[in-house]
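Text of query03.cif (mmCIF, C-alpha atoms) as supplied:
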```
data_work
loop_
_atom_site.group_PDB
_atom_site.id
_atom_site.type_symbol
_atom_site.label_atom_id
_atom_site.label_comp_id
_atom_site.auth_asym_id
_atom_site.auth_seq_id
_atom_site.Cartn_x
_atom_site.Cartn_y
_atom_site.Cartn_z
ATOM 1 C CA MET A 6 7.365 27.709 -25.682
ATOM 2 C CA ALA A 7 4.967 25.901 -23.331
ATOM 3 C CA ASP A 8 5.132 22.678 -25.376
ATOM 4 C CA GLN A 9 8.904 22.923 -25.472
ATOM 5 C CA ALA A 10 9.114 23.417 -21.710
ATOM 6 C CA GLU A 11 6.829 20.426 -21.079
ATOM 7 C CA LYS A 12 8.947 18.245 -23.349
ATOM 8 C CA LEU A 13 12.142 19.336 -21.626
ATOM 9 C CA ARG A 14 10.657 18.694 -18.172
ATOM 10 C CA LYS A 15 9.860 15.107 -19.178
ATOM 11 C CA ILE A 16 13.353 14.629 -20.583
ATOM 12 C CA MET A 17 14.884 16.151 -17.466
ATOM 13 C CA GLY A 18 12.964 13.755 -15.250
ATOM 14 C CA LYS A 19 14.233 10.819 -17.274
ATOM 15 C CA TYR A 20 17.884 11.724 -16.879
ATOM 16 C CA SER A 21 18.049 13.558 -13.554
ATOM 17 C CA LYS A 22 18.646 10.401 -11.509
ATOM 18 C CA LYS A 23 21.609 9.480 -13.680
ATOM 19 C CA GLU A 24 23.285 12.859 -13.582
ATOM 20 C CA ASN A 25 22.470 13.819 -9.965
ATOM 21 C CA ILE A 26 22.360 17.580 -10.419
ATOM 22 C CA ASN A 27 23.117 19.167 -7.062
ATOM 23 C CA GLU A 28 21.221 22.390 -6.377
ATOM 24 C CA SER A 29 22.330 22.636 -2.764
ATOM 25 C CA LYS A 30 25.879 23.781 -3.484
ATOM 26 C CA ALA A 31 26.755 27.183 -2.121
ATOM 27 C CA ARG A 32 26.429 30.007 -4.582
ATOM 28 C CA LYS A 33 29.780 31.486 -5.558
ATOM 29 C CA ALA A 34 29.976 33.148 -8.957
ATOM 30 C CA LYS A 35 28.289 36.411 -9.840
ATOM 31 C CA PHE A 36 26.918 36.408 -13.398
ATOM 32 C CA ILE A 37 27.304 39.744 -15.204
ATOM 33 C CA GLY A 38 25.675 40.365 -18.575
ATOM 34 C CA VAL A 39 27.333 43.167 -20.572
ATOM 35 C CA THR A 40 25.123 44.388 -23.381
ATOM 36 C CA SER A 41 24.164 47.276 -25.653
ATOM 37 C CA GLY A 42 21.251 48.334 -27.795
ATOM 38 C CA LYS A 43 23.437 48.742 -30.867
ATOM 39 C CA GLY A 44 26.877 47.742 -32.061
ATOM 40 C CA GLY A 45 30.002 49.865 -32.092
ATOM 41 C CA VAL A 46 29.749 51.236 -28.548
ATOM 42 C CA GLY A 47 32.809 49.452 -27.118
ATOM 43 C CA LYS A 48 31.002 46.656 -25.304
ATOM 44 C CA THR A 49 33.563 43.902 -25.884
ATOM 45 C CA ASN A 50 36.495 46.165 -25.063
ATOM 46 C CA PHE A 51 34.812 47.129 -21.795
ATOM 47 C CA THR A 52 34.093 43.478 -20.968
ATOM 48 C CA VAL A 53 37.692 42.379 -21.466
ATOM 49 C CA ASN A 54 39.210 45.221 -19.465
ATOM 50 C CA LEU A 55 36.683 44.818 -16.636
ATOM 51 C CA ALA A 56 37.528 41.117 -16.454
ATOM 52 C CA ILE A 57 41.248 41.855 -16.219
ATOM 53 C CA SER A 58 40.674 44.488 -13.516
ATOM 54 C CA LEU A 59 38.700 41.980 -11.448
ATOM 55 C CA ARG A 60 41.423 39.396 -11.998
ATOM 56 C CA LYS A 61 44.055 41.863 -10.776
ATOM 57 C CA LEU A 62 42.033 42.189 -7.582
ATOM 58 C CA GLY A 63 42.543 38.477 -7.030
ATOM 59 C CA TYR A 64 39.260 37.100 -8.366
ATOM 60 C CA LYS A 65 38.787 34.197 -10.756
ATOM 61 C CA VAL A 66 37.083 35.486 -13.881
ATOM 62 C CA VAL A 67 35.772 33.856 -17.052
ATOM 63 C CA ILE A 68 34.374 35.648 -20.105
ATOM 64 C CA VAL A 69 31.700 33.899 -22.168
ATOM 65 C CA ASP A 70 31.744 35.421 -25.649
ATOM 66 C CA GLY A 71 28.088 35.356 -26.610
ATOM 67 C CA ASP A 72 28.248 37.754 -29.547
ATOM 68 C CA LEU A 73 27.295 35.009 -31.986
ATOM 69 C CA GLY A 74 28.585 35.331 -35.514
ATOM 70 C CA LEU A 75 30.462 38.510 -34.594
ATOM 71 C CA ALA A 76 32.490 37.259 -31.636
ATOM 72 C CA ASN A 77 35.624 39.336 -31.185
ATOM 73 C CA VAL A 78 36.917 38.809 -27.652
ATOM 74 C CA ASP A 79 39.780 36.922 -29.286
ATOM 75 C CA LEU A 80 40.673 39.983 -31.377
ATOM 76 C CA ILE A 81 40.673 42.332 -28.395
ATOM 77 C CA THR A 82 42.824 39.966 -26.335
ATOM 78 C CA GLY A 83 45.050 38.586 -29.081
ATOM 79 C CA THR A 84 44.070 34.995 -28.305
ATOM 80 C CA CYS A 85 42.967 32.054 -30.449
ATOM 81 C CA LEU A 86 39.695 30.395 -29.413
ATOM 82 C CA GLU A 87 39.960 26.794 -30.608
ATOM 83 C CA TYR A 88 36.752 25.386 -29.096
ATOM 84 C CA ASN A 89 33.251 26.596 -28.293
ATOM 85 C CA ILE A 90 30.239 25.492 -26.245
ATOM 86 C CA SER A 91 28.983 23.097 -28.927
ATOM 87 C CA ASP A 92 32.142 21.000 -28.439
ATOM 88 C CA ILE A 93 30.789 19.953 -25.030
ATOM 89 C CA PHE A 94 28.147 17.949 -26.906
ATOM 90 C CA LEU A 95 29.841 17.191 -30.213
ATOM 91 C CA GLN A 96 33.248 16.181 -28.858
ATOM 92 C CA GLY A 97 32.526 15.344 -25.219
ATOM 93 C CA LYS A 98 34.639 18.229 -23.944
ATOM 94 C CA SER A 99 34.219 19.608 -20.443
ATOM 95 C CA ILE A 100 33.636 23.311 -19.837
ATOM 96 C CA PHE A 101 37.265 23.582 -18.744
ATOM 97 C CA ASP A 102 38.492 21.832 -21.910
ATOM 98 C CA ILE A 103 36.992 24.529 -24.116
ATOM 99 C CA MET A 104 38.460 27.437 -22.158
ATOM 100 C CA THR A 105 41.282 29.547 -23.492
ATOM 101 C CA GLU A 106 43.800 31.336 -21.306
ATOM 102 C CA GLY A 107 43.501 35.088 -21.775
ATOM 103 C CA PRO A 108 45.621 38.048 -20.685
ATOM 104 C CA ASP A 109 46.624 38.213 -17.029
ATOM 105 C CA GLY A 110 44.989 34.906 -16.162
ATOM 106 C CA ILE A 111 41.393 35.512 -17.239
ATOM 107 C CA LYS A 112 39.623 32.622 -18.986
ATOM 108 C CA ILE A 113 37.618 32.869 -22.201
ATOM 109 C CA ILE A 114 34.840 30.623 -23.553
ATOM 110 C CA SER A 115 33.496 30.987 -27.072
ATOM 111 C CA GLY A 116 29.741 30.590 -27.480
ATOM 112 C CA GLY A 117 30.127 29.447 -31.069
ATOM 113 C CA SER A 118 26.867 28.072 -32.446
ATOM 114 C CA GLY A 119 26.011 26.161 -29.285
ATOM 115 C CA ILE A 120 23.940 28.903 -27.686
ATOM 116 C CA THR A 121 21.652 29.094 -30.725
ATOM 117 C CA GLU A 122 20.942 25.368 -30.542
ATOM 118 C CA PHE A 123 19.424 25.020 -27.058
ATOM 119 C CA HIS A 124 16.078 23.998 -28.572
ATOM 120 C CA LEU A 125 17.818 21.035 -30.235
ATOM 121 C CA LEU A 126 19.391 19.635 -27.062
ATOM 122 C CA ASN A 127 18.302 16.206 -25.919
ATOM 123 C CA GLY A 128 17.942 15.354 -22.231
ATOM 124 C CA GLU A 129 21.469 14.080 -21.777
ATOM 125 C CA ASN A 130 22.988 17.173 -23.325
ATOM 126 C CA LEU A 131 20.782 19.491 -21.302
ATOM 127 C CA ASN A 132 21.804 17.832 -18.065
ATOM 128 C CA ARG A 133 25.411 17.863 -19.192
ATOM 129 C CA PHE A 134 25.327 21.570 -19.938
ATOM 130 C CA ILE A 135 23.762 22.448 -16.585
ATOM 131 C CA ASN A 136 26.342 20.355 -14.761
ATOM 132 C CA GLU A 137 29.127 22.086 -16.683
ATOM 133 C CA ILE A 138 27.704 25.503 -15.805
ATOM 134 C CA GLU A 139 27.658 24.490 -12.141
ATOM 135 C CA LYS A 140 31.371 23.758 -12.434
ATOM 136 C CA LEU A 141 31.916 27.364 -13.471
ATOM 137 C CA GLU A 142 29.822 28.624 -10.572
ATOM 138 C CA ASN A 143 31.760 26.617 -8.057
ATOM 139 C CA TYR A 144 35.173 27.610 -9.432
ATOM 140 C CA PHE A 145 34.932 31.227 -10.600
ATOM 141 C CA ASP A 146 34.029 34.392 -8.734
ATOM 142 C CA PHE A 147 32.731 36.193 -11.823
ATOM 143 C CA ILE A 148 31.164 34.914 -15.039
ATOM 144 C CA ILE A 149 30.945 37.784 -17.523
ATOM 145 C CA MET A 150 28.945 37.343 -20.715
ATOM 146 C CA ASP A 151 29.625 39.665 -23.626
ATOM 147 C CA THR A 152 26.272 39.481 -25.405
ATOM 148 C CA GLY A 153 25.461 40.412 -28.945
ATOM 149 C CA ALA A 154 24.132 43.913 -29.528
ATOM 150 C CA GLY A 155 20.445 44.643 -29.916
ATOM 151 C CA ILE A 156 17.244 42.817 -29.091
ATOM 152 C CA SER A 157 17.462 39.181 -30.144
ATOM 153 C CA GLU A 158 16.113 36.018 -28.542
ATOM 154 C CA ASN A 159 19.573 34.863 -27.461
ATOM 155 C CA VAL A 160 20.501 38.210 -25.927
ATOM 156 C CA ILE A 161 17.266 38.470 -23.953
ATOM 157 C CA LYS A 162 17.395 34.879 -22.682
ATOM 158 C CA PHE A 163 20.814 35.281 -21.140
ATOM 159 C CA LEU A 164 20.266 38.775 -19.786
ATOM 160 C CA LEU A 165 17.235 37.456 -17.899
ATOM 161 C CA LEU A 166 19.590 35.111 -16.044
ATOM 162 C CA ALA A 167 22.150 37.762 -15.075
ATOM 163 C CA ASP A 168 22.696 39.002 -11.533
ATOM 164 C CA ASP A 169 23.828 42.344 -12.942
ATOM 165 C CA LEU A 170 22.952 43.771 -16.338
ATOM 166 C CA VAL A 171 25.489 46.338 -17.552
ATOM 167 C CA LEU A 172 24.260 48.475 -20.445
ATOM 168 C CA LEU A 173 26.864 50.364 -22.469
ATOM 169 C CA ILE A 174 25.621 53.428 -24.307
ATOM 170 C CA THR A 175 27.237 56.437 -25.945
ATOM 171 C CA PRO A 176 26.015 60.052 -26.246
ATOM 172 C CA ASP A 177 24.699 59.167 -29.714
ATOM 173 C CA PRO A 178 20.880 59.563 -29.529
ATOM 174 C CA THR A 179 20.367 56.267 -31.372
ATOM 175 C CA SER A 180 22.509 54.470 -28.781
ATOM 176 C CA LEU A 181 20.370 55.891 -25.984
ATOM 177 C CA MET A 182 17.131 55.017 -27.779
ATOM 178 C CA ASP A 183 18.215 51.470 -28.618
ATOM 179 C CA GLY A 184 19.631 50.951 -25.129
ATOM 180 C CA TYR A 185 16.337 51.945 -23.536
ATOM 181 C CA ALA A 186 14.443 49.649 -25.919
ATOM 182 C CA LEU A 187 16.638 46.764 -24.751
ATOM 183 C CA LEU A 188 16.043 47.591 -21.081
ATOM 184 C CA LYS A 189 12.311 47.832 -21.699
ATOM 185 C CA THR A 190 12.292 44.389 -23.283
ATOM 186 C CA VAL A 191 14.170 42.605 -20.490
ATOM 187 C CA VAL A 192 12.080 44.318 -17.800
ATOM 188 C CA LEU A 193 8.826 43.398 -19.553
ATOM 189 C CA TYR A 194 10.064 39.806 -19.689
ATOM 190 C CA GLY A 195 10.467 39.854 -15.909
ATOM 191 C CA TYR A 196 14.091 40.804 -15.211
ATOM 192 C CA ILE A 197 14.535 41.747 -11.541
ATOM 193 C CA GLY A 198 18.313 41.838 -11.225
ATOM 194 C CA ASP A 199 20.361 45.015 -10.897
ATOM 195 C CA ILE A 200 20.585 47.336 -13.909
ATOM 196 C CA LYS A 201 23.740 49.389 -14.338
ATOM 197 C CA THR A 202 25.111 51.572 -17.096
ATOM 198 C CA VAL A 203 28.405 52.930 -18.383
ATOM 199 C CA ILE A 204 28.413 55.944 -20.695
ATOM 200 C CA ASN A 205 31.206 55.287 -23.182
ATOM 201 C CA MET A 206 32.961 57.688 -25.576
ATOM 202 C CA ALA A 207 31.709 60.704 -23.637
ATOM 203 C CA GLY A 208 33.032 64.141 -24.527
ATOM 204 C CA SER A 209 32.869 65.337 -20.932
ATOM 205 C CA LYS A 210 31.525 64.510 -17.490
ATOM 206 C CA LYS A 211 28.633 66.906 -18.084
ATOM 207 C CA GLU A 212 27.664 65.177 -21.314
ATOM 208 C CA ALA A 213 27.822 61.752 -19.654
ATOM 209 C CA GLU A 214 25.618 62.911 -16.777
ATOM 210 C CA GLU A 215 23.066 64.336 -19.199
ATOM 211 C CA VAL A 216 22.895 61.036 -21.083
ATOM 212 C CA TYR A 217 22.569 59.060 -17.853
ATOM 213 C CA ASN A 218 19.835 61.346 -16.512
ATOM 214 C CA LYS A 219 17.824 60.838 -19.696
ATOM 215 C CA LEU A 220 18.178 57.051 -19.497
ATOM 216 C CA ASN A 221 17.404 56.828 -15.798
ATOM 217 C CA GLY A 222 14.536 59.287 -16.173
ATOM 218 C CA VAL A 223 12.659 57.280 -18.796
ATOM 219 C CA SER A 224 13.467 54.019 -16.999
ATOM 220 C CA ASN A 225 12.009 55.366 -13.757
ATOM 221 C CA ARG A 226 8.981 56.878 -15.419
ATOM 222 C CA PHE A 227 7.956 54.068 -17.736
ATOM 223 C CA LEU A 228 9.571 50.936 -16.253
ATOM 224 C CA ASN A 229 9.641 51.876 -12.568
ATOM 225 C CA ARG A 230 13.278 50.782 -12.463
ATOM 226 C CA ASP A 231 16.405 52.617 -11.322
ATOM 227 C CA VAL A 232 19.562 52.406 -13.407
ATOM 228 C CA GLU A 233 22.812 52.634 -11.457
ATOM 229 C CA PHE A 234 25.470 54.909 -12.951
ATOM 230 C CA LEU A 235 28.782 53.042 -12.789
ATOM 231 C CA ASP A 236 30.889 55.714 -14.502
ATOM 232 C CA TYR A 237 31.673 57.258 -17.848
ATOM 233 C CA LEU A 238 34.638 56.670 -20.147
ATOM 234 C CA ASN A 239 36.045 59.400 -22.368
ATOM 235 C CA LYS A 240 36.741 58.835 -26.022
ATOM 236 C CA SER A 241 40.464 58.127 -25.975
ATOM 237 C CA SER A 242 43.282 57.348 -28.393
ATOM 238 C CA ILE A 243 44.643 55.025 -25.690
ATOM 239 C CA VAL A 244 41.656 52.733 -26.184
ATOM 240 C CA ALA A 245 41.905 52.800 -29.981
ATOM 241 C CA ASN A 246 45.646 52.111 -29.940
ATOM 242 C CA ALA A 247 45.215 49.208 -27.505
ATOM 243 C CA VAL A 248 42.685 47.598 -29.849
ATOM 244 C CA LYS A 249 45.139 47.877 -32.733
ATOM 245 C CA LYS A 250 47.833 46.247 -30.597
ATOM 246 C CA GLN A 251 45.375 43.533 -29.456
ATOM 247 C CA ARG A 252 46.451 44.361 -25.924
ATOM 248 C CA PRO A 253 43.799 45.486 -23.380
ATOM 249 C CA PHE A 254 44.371 49.078 -22.287
ATOM 250 C CA VAL A 255 44.423 48.263 -18.557
ATOM 251 C CA LEU A 256 47.601 46.324 -19.339
ATOM 252 C CA ASP A 257 48.959 48.565 -22.084
ATOM 253 C CA LYS A 258 48.433 51.850 -20.193
ATOM 254 C CA PRO A 259 47.653 50.882 -16.569
ATOM 255 C CA ASN A 260 48.131 54.408 -15.220
ATOM 256 C CA SER A 261 45.879 56.129 -17.746
ATOM 257 C CA SER A 262 42.650 57.764 -16.614
ATOM 258 C CA VAL A 263 40.541 55.284 -18.592
ATOM 259 C CA SER A 264 42.289 52.328 -16.915
ATOM 260 C CA LYS A 265 41.766 53.867 -13.481
ATOM 261 C CA LYS A 266 38.077 54.311 -14.244
ATOM 262 C CA ILE A 267 37.750 50.654 -15.212
ATOM 263 C CA ASN A 268 39.505 49.674 -11.981
ATOM 264 C CA ASN A 269 37.060 51.798 -9.984
ATOM 265 C CA ILE A 270 34.125 50.182 -11.776
ATOM 266 C CA ALA A 271 35.529 46.747 -10.909
ATOM 267 C CA LEU A 272 35.588 47.711 -7.231
ATOM 268 C CA LYS A 273 31.852 48.425 -7.367
ATOM 269 C CA PHE A 274 31.163 44.797 -8.282
ATOM 270 C CA ILE A 275 32.946 43.446 -5.217
ATOM 271 C CA ASP A 276 31.445 45.877 -2.713
ATOM 272 C CA THR A 277 28.375 44.130 -1.328
ATOM 273 C CA GLU A 278 26.297 41.389 -2.913
ATOM 274 C CA LYS A 279 23.029 43.279 -3.107
ATOM 275 C CA SER A 280 21.419 41.365 -5.946
ATOM 276 C CA LYS A 281 18.188 39.545 -5.138
ATOM 277 C CA PHE A 282 19.379 36.668 -7.294
ATOM 278 C CA LEU A 283 22.680 36.342 -5.451
ATOM 279 C CA LYS A 284 20.900 35.820 -2.167
ATOM 280 C CA THR A 285 18.588 33.144 -3.466
ATOM 281 C CA LYS A 286 19.473 31.278 -6.633
ATOM 282 C CA SER A 287 22.444 30.197 -8.685
ATOM 283 C CA PHE A 288 22.758 30.782 -12.424
ATOM 284 C CA SER A 289 22.204 27.078 -13.134
ATOM 285 C CA GLN A 290 19.044 27.047 -11.000
ATOM 286 C CA ARG A 291 17.668 30.038 -12.890
ATOM 287 C CA PHE A 292 18.697 28.378 -16.161
ATOM 288 C CA LYS A 293 16.590 25.315 -15.323
ATOM 289 C CA GLU A 294 13.630 27.487 -14.348
ATOM 290 C CA PHE A 295 13.808 29.495 -17.545
ATOM 291 C CA PHE A 296 14.363 26.648 -19.999
ATOM 292 C CA LEU A 297 12.457 23.905 -18.162
ATOM 293 C CA GLY A 298 9.757 26.020 -16.534
ATOM 294 C CA GLU A 299 10.619 24.768 -13.043
ATOM 295 C CA GLY A 300 9.514 27.292 -10.437
ATOM 296 C CA ASP A 301 9.384 31.064 -10.689
ATOM 297 C CA LEU A 302 12.323 33.193 -11.808
ATOM 298 C CA ASN A 303 11.048 36.107 -9.750
ATOM 299 C CA LYS A 304 11.137 34.358 -6.382
#
```
Would you give me this structure, written as structure tokens?
Amino acid sequence: MADQAEKLRKIMGKYSKKENINESKARKAKFIGVTSGKGGVGKTNFTVNLAISLRKLGYKVVIVDGDLGLANVDLITGTCLEYNISDIFLQGKSIFDIMTEGPDGIKIISGGSGITEFHLLNGENLNRFINEIEKLENYFDFIIMDTGAGISENVIKFLLLADDLVLLITPDPTSLMDGYALLKTVVLYGYIGDIKTVINMAGSKKEAEEVYNKLNGVSNRFLNRDVEFLDYLNKSSIVANAVKKQRPFVLDKPNSSVSKKINNIALKFIDTEKSKFLKTKSFSQRFKEFFLGEGDLNK
């Protein structure tokens, strides 16, 4: 990793004068990483409906589908994703060229295979990608990444760059165990952003609170980190039917209790910008520090 960072720093120095990357632009977008310790907990469905709720509040929102090999934002939304991130380099597309219009005005970007190939990028492509990311920051209010499930290199790398990490878990003991393992990994790698959780498919409020208390308890005890409880979502036929229709439930059943809960969760993201990252560094700045070794992510 050290040799790779040194090589990338040299490449970056070679091309930086040509590309003129501007780090002084005002920070705009909040980067939210939605993740889970295991699959099948409703992570993508939550991501899509949260994005639409934020859009309904008047914010510009883009989803980056980072669930590589198993990407399914297109299935949940009923859209066709023609391009992905690799087309920025292979076809000279801009970040806006590869976007797809989603329901209610949200935008969707497919990660494709591009995210797995960062170690293969040459200097020009690296600069290009950072500049494209800055375009997102300066245009959107929220960038939401739907990561893959579990502990993989790609998942951890992008969660470390998030302003807010949202962990979805269910009352299933294995979901709780795997979710905690994921949190432990990102914290040990130096994550200092805000950690939040949603308990999905809960049988009752009491059950959801018990699951949250277990997660927050072990996180406090062993990681010295608080986990914010955003809310819980009941297991609902409304959600299952919306998936079958390929129509997000906040649009299909806007007055349902599950839709109202998603709307309330969305409001919590626009309350006050408490994140340490938000007050100091943009996503693209943190990206350069992580992949090029420039500076300290924790400052």
Long-range neighbours of region 152-163 of chain A as a PDB file with C-alpha atoms, in the coordinates of the input, 6 Å cut-off, only C-alpha atoms, 4 positions minimum in chain:
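Below you can see part.pdb, which holds the result:
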```pdb
ATOM      1  CA  THR A  40      25.123  44.388 -23.381  1.00  0.00           C
ATOM      2  CA  SER A  41      24.164  47.276 -25.653  1.00  0.00           C
ATOM      3  CA  GLY A  42      21.251  48.334 -27.795  1.00  0.00           C
ATOM      4  CA  LYS A  43      23.437  48.742 -30.867  1.00  0.00           C
ATOM      5  CA  GLY A  44      26.877  47.742 -32.061  1.00  0.00           C
ATOM      6  CA  GLY A  71      28.088  35.356 -26.610  1.00  0.00           C
ATOM      7  CA  ASP A  72      28.248  37.754 -29.547  1.00  0.00           C
ATOM      8  CA  LEU A 187      16.638  46.764 -24.751  1.00  0.00           C
TER       9      LEU A 187
END
```
Legend entry - Counting only C-alpha atoms, the residue of A:Val69, A:Val248, A:Ile200, A:Leu188 that sits nearest Val171 (chain A): A:Ile200
Can you turn the PyMOL selection byres ((chain A and resi 55) around 9) into a concrete residue list for this file, as a PDB file with C-alpha atoms, in the frame of the given file?
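Saved as result28.pdb:
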```pdb
ATOM      1  CA  ASN A  50      36.495  46.165 -25.063  1.00  0.00           C
ATOM      2  CA  PHE A  51      34.812  47.129 -21.795  1.00  0.00           C
ATOM      3  CA  THR A  52      34.093  43.478 -20.968  1.00  0.00           C
ATOM      4  CA  VAL A  53      37.692  42.379 -21.466  1.00  0.00           C
ATOM      5  CA  ASN A  54      39.210  45.221 -19.465  1.00  0.00           C
ATOM      6  CA  ALA A  56      37.528  41.117 -16.454  1.00  0.00           C
ATOM      7  CA  ILE A  57      41.248  41.855 -16.219  1.00  0.00           C
ATOM      8  CA  SER A  58      40.674  44.488 -13.516  1.00  0.00           C
ATOM      9  CA  LEU A  59      38.700  41.980 -11.448  1.00  0.00           C
ATOM     10  CA  ARG A  60      41.423  39.396 -11.998  1.00  0.00           C
ATOM     11  CA  VAL A 255      44.423  48.263 -18.557  1.00  0.00           C
ATOM     12  CA  ILE A 267      37.750  50.654 -15.212  1.00  0.00           C
ATOM     13  CA  ASN A 268      39.505  49.674 -11.981  1.00  0.00           C
ATOM     14  CA  ILE A 270      34.125  50.182 -11.776  1.00  0.00           C
ATOM     15  CA  ALA A 271      35.529  46.747 -10.909  1.00  0.00           C
TER      16      ALA A 271
END
```
Inset, instruction - For the file shown, report as a PyMOL selection string the outcome of the PyMOL selection byres ((chain A and resi 236-239) around 8) at residue level. - result: chain A and resi 202-210+213+234-235+240-241+263+266+270
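Reported to one decimal place, the separation of CA of Arg133 (chain A) from CA of Lys98 (chain A) is 10.4 Å.
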Legend entry - Test item: the PyMOL selection byres ((chain A and resi 88) around 9) resolved as an NGL selection string: :A and (86-87 or 89-92 or 102-105 or 114-117)
Inset, instruction - With a distance cut-off of 10 Å and all atoms listed in the file, select the neighbouring residues of Cys85 (chain A), excluding the residue or stretch itself and same-chain residues fewer than 2 positions from it, and output the selection as a PyMOL selection string. - result: chain A and resi 78-80+82-83+87-88+105-107+113
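Counting all atoms listed in the file, the residue from A:Asp257, A:Ala167, A:Ala247, A:Lys189 that sits nearest to Arg226 (chain A) is A:Lys189.
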Inset, instruction - Tell me which of A:Asp177, A:Glu139, A:Asp146, A:Glu129 sits closest to Ile275 (chain A), counting all atoms listed in the file. - result: A:Asp146
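Across A:Val232, A:Leu272, A:Val67, A:Ile93, the tightest approach to Pro108 (chain A) is made by A:Val67 when counting only C-alpha atoms.
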If I wrap all listed atoms of region 256-271 of chain A in a box with edges along x, y and z and add 8 Å on each side, what are its centre and edge lengths in Å to one decimal, as JSON?
```
{"center_x": 41.5, "center_y": 52.0, "center_z": -16.0, "size_x": 30.8, "size_y": 27.4, "size_z": 28.1}
```
Have region 184-201 of chain A completed to N, CA and C atoms, please, and pass it along as a PDB file, in the coordinates of the input.
```
ATOM      1  N   GLY A 184      19.329  51.478 -26.460  1.00  0.00           N
ATOM      2  CA  GLY A 184      19.631  50.951 -25.129  1.00  0.00           C
ATOM      3  C   GLY A 184      18.389  50.892 -24.260  1.00  0.00           C
ATOM      4  N   TYR A 185      17.583  51.944 -24.308  1.00  0.00           N
ATOM      5  CA  TYR A 185      16.337  51.945 -23.536  1.00  0.00           C
ATOM      6  C   TYR A 185      15.382  50.866 -24.040  1.00  0.00           C
ATOM      7  N   ALA A 186      15.312  50.689 -25.355  1.00  0.00           N
ATOM      8  CA  ALA A 186      14.443  49.649 -25.919  1.00  0.00           C
ATOM      9  C   ALA A 186      14.847  48.270 -25.409  1.00  0.00           C
ATOM     10  N   LEU A 187      16.150  48.041 -25.284  1.00  0.00           N
ATOM     11  CA  LEU A 187      16.638  46.764 -24.751  1.00  0.00           C
ATOM     12  C   LEU A 187      16.241  46.599 -23.290  1.00  0.00           C
ATOM     13  N   LEU A 188      16.439  47.655 -22.491  1.00  0.00           N
ATOM     14  CA  LEU A 188      16.043  47.591 -21.081  1.00  0.00           C
ATOM     15  C   LEU A 188      14.548  47.324 -20.947  1.00  0.00           C
ATOM     16  N   LYS A 189      13.762  48.010 -21.744  1.00  0.00           N
ATOM     17  CA  LYS A 189      12.311  47.832 -21.699  1.00  0.00           C
ATOM     18  C   LYS A 189      11.931  46.383 -21.965  1.00  0.00           C
ATOM     19  N   THR A 190      12.599  45.772 -22.929  1.00  0.00           N
ATOM     20  CA  THR A 190      12.292  44.389 -23.283  1.00  0.00           C
ATOM     21  C   THR A 190      12.611  43.434 -22.140  1.00  0.00           C
ATOM     22  N   VAL A 191      13.803  43.552 -21.550  1.00  0.00           N
ATOM     23  CA  VAL A 191      14.170  42.605 -20.490  1.00  0.00           C
ATOM     24  C   VAL A 191      13.312  42.809 -19.244  1.00  0.00           C
ATOM     25  N   VAL A 192      12.941  44.059 -18.960  1.00  0.00           N
ATOM     26  CA  VAL A 192      12.080  44.318 -17.800  1.00  0.00           C
ATOM     27  C   VAL A 192      10.682  43.752 -18.038  1.00  0.00           C
ATOM     28  N   LEU A 193      10.150  43.934 -19.233  1.00  0.00           N
ATOM     29  CA  LEU A 193       8.826  43.398 -19.553  1.00  0.00           C
ATOM     30  C   LEU A 193       8.808  41.876 -19.519  1.00  0.00           C
ATOM     31  N   TYR A 194       9.959  41.258 -19.774  1.00  0.00           N
ATOM     32  CA  TYR A 194      10.064  39.806 -19.689  1.00  0.00           C
ATOM     33  C   TYR A 194      10.336  39.326 -18.264  1.00  0.00           C
ATOM     34  N   GLY A 195      10.394  40.249 -17.307  1.00  0.00           N
ATOM     35  CA  GLY A 195      10.467  39.854 -15.909  1.00  0.00           C
ATOM     36  C   GLY A 195      11.817  39.968 -15.244  1.00  0.00           C
ATOM     37  N   TYR A 196      12.764  40.686 -15.832  1.00  0.00           N
ATOM     38  CA  TYR A 196      14.091  40.804 -15.211  1.00  0.00           C
ATOM     39  C   TYR A 196      14.010  41.602 -13.916  1.00  0.00           C
ATOM     40  N   ILE A 197      14.565  41.045 -12.823  1.00  0.00           N
ATOM     41  CA  ILE A 197      14.535  41.747 -11.541  1.00  0.00           C
ATOM     42  C   ILE A 197      15.926  41.944 -10.954  1.00  0.00           C
ATOM     43  N   GLY A 198      16.954  41.612 -11.711  1.00  0.00           N
ATOM     44  CA  GLY A 198      18.313  41.838 -11.225  1.00  0.00           C
ATOM     45  C   GLY A 198      18.666  43.314 -11.257  1.00  0.00           C
ATOM     46  N   ASP A 199      19.906  43.626 -10.928  1.00  0.00           N
ATOM     47  CA  ASP A 199      20.361  45.015 -10.897  1.00  0.00           C
ATOM     48  C   ASP A 199      20.703  45.498 -12.303  1.00  0.00           C
ATOM     49  N   ILE A 200      20.296  46.716 -12.615  1.00  0.00           N
ATOM     50  CA  ILE A 200      20.585  47.336 -13.909  1.00  0.00           C
ATOM     51  C   ILE A 200      21.594  48.455 -13.700  1.00  0.00           C
ATOM     52  N   LYS A 201      22.678  48.393 -14.447  1.00  0.00           N
ATOM     53  CA  LYS A 201      23.740  49.389 -14.338  1.00  0.00           C
ATOM     54  C   LYS A 201      24.084  49.891 -15.733  1.00  0.00           C
TER      55      LYS A 201
END
```
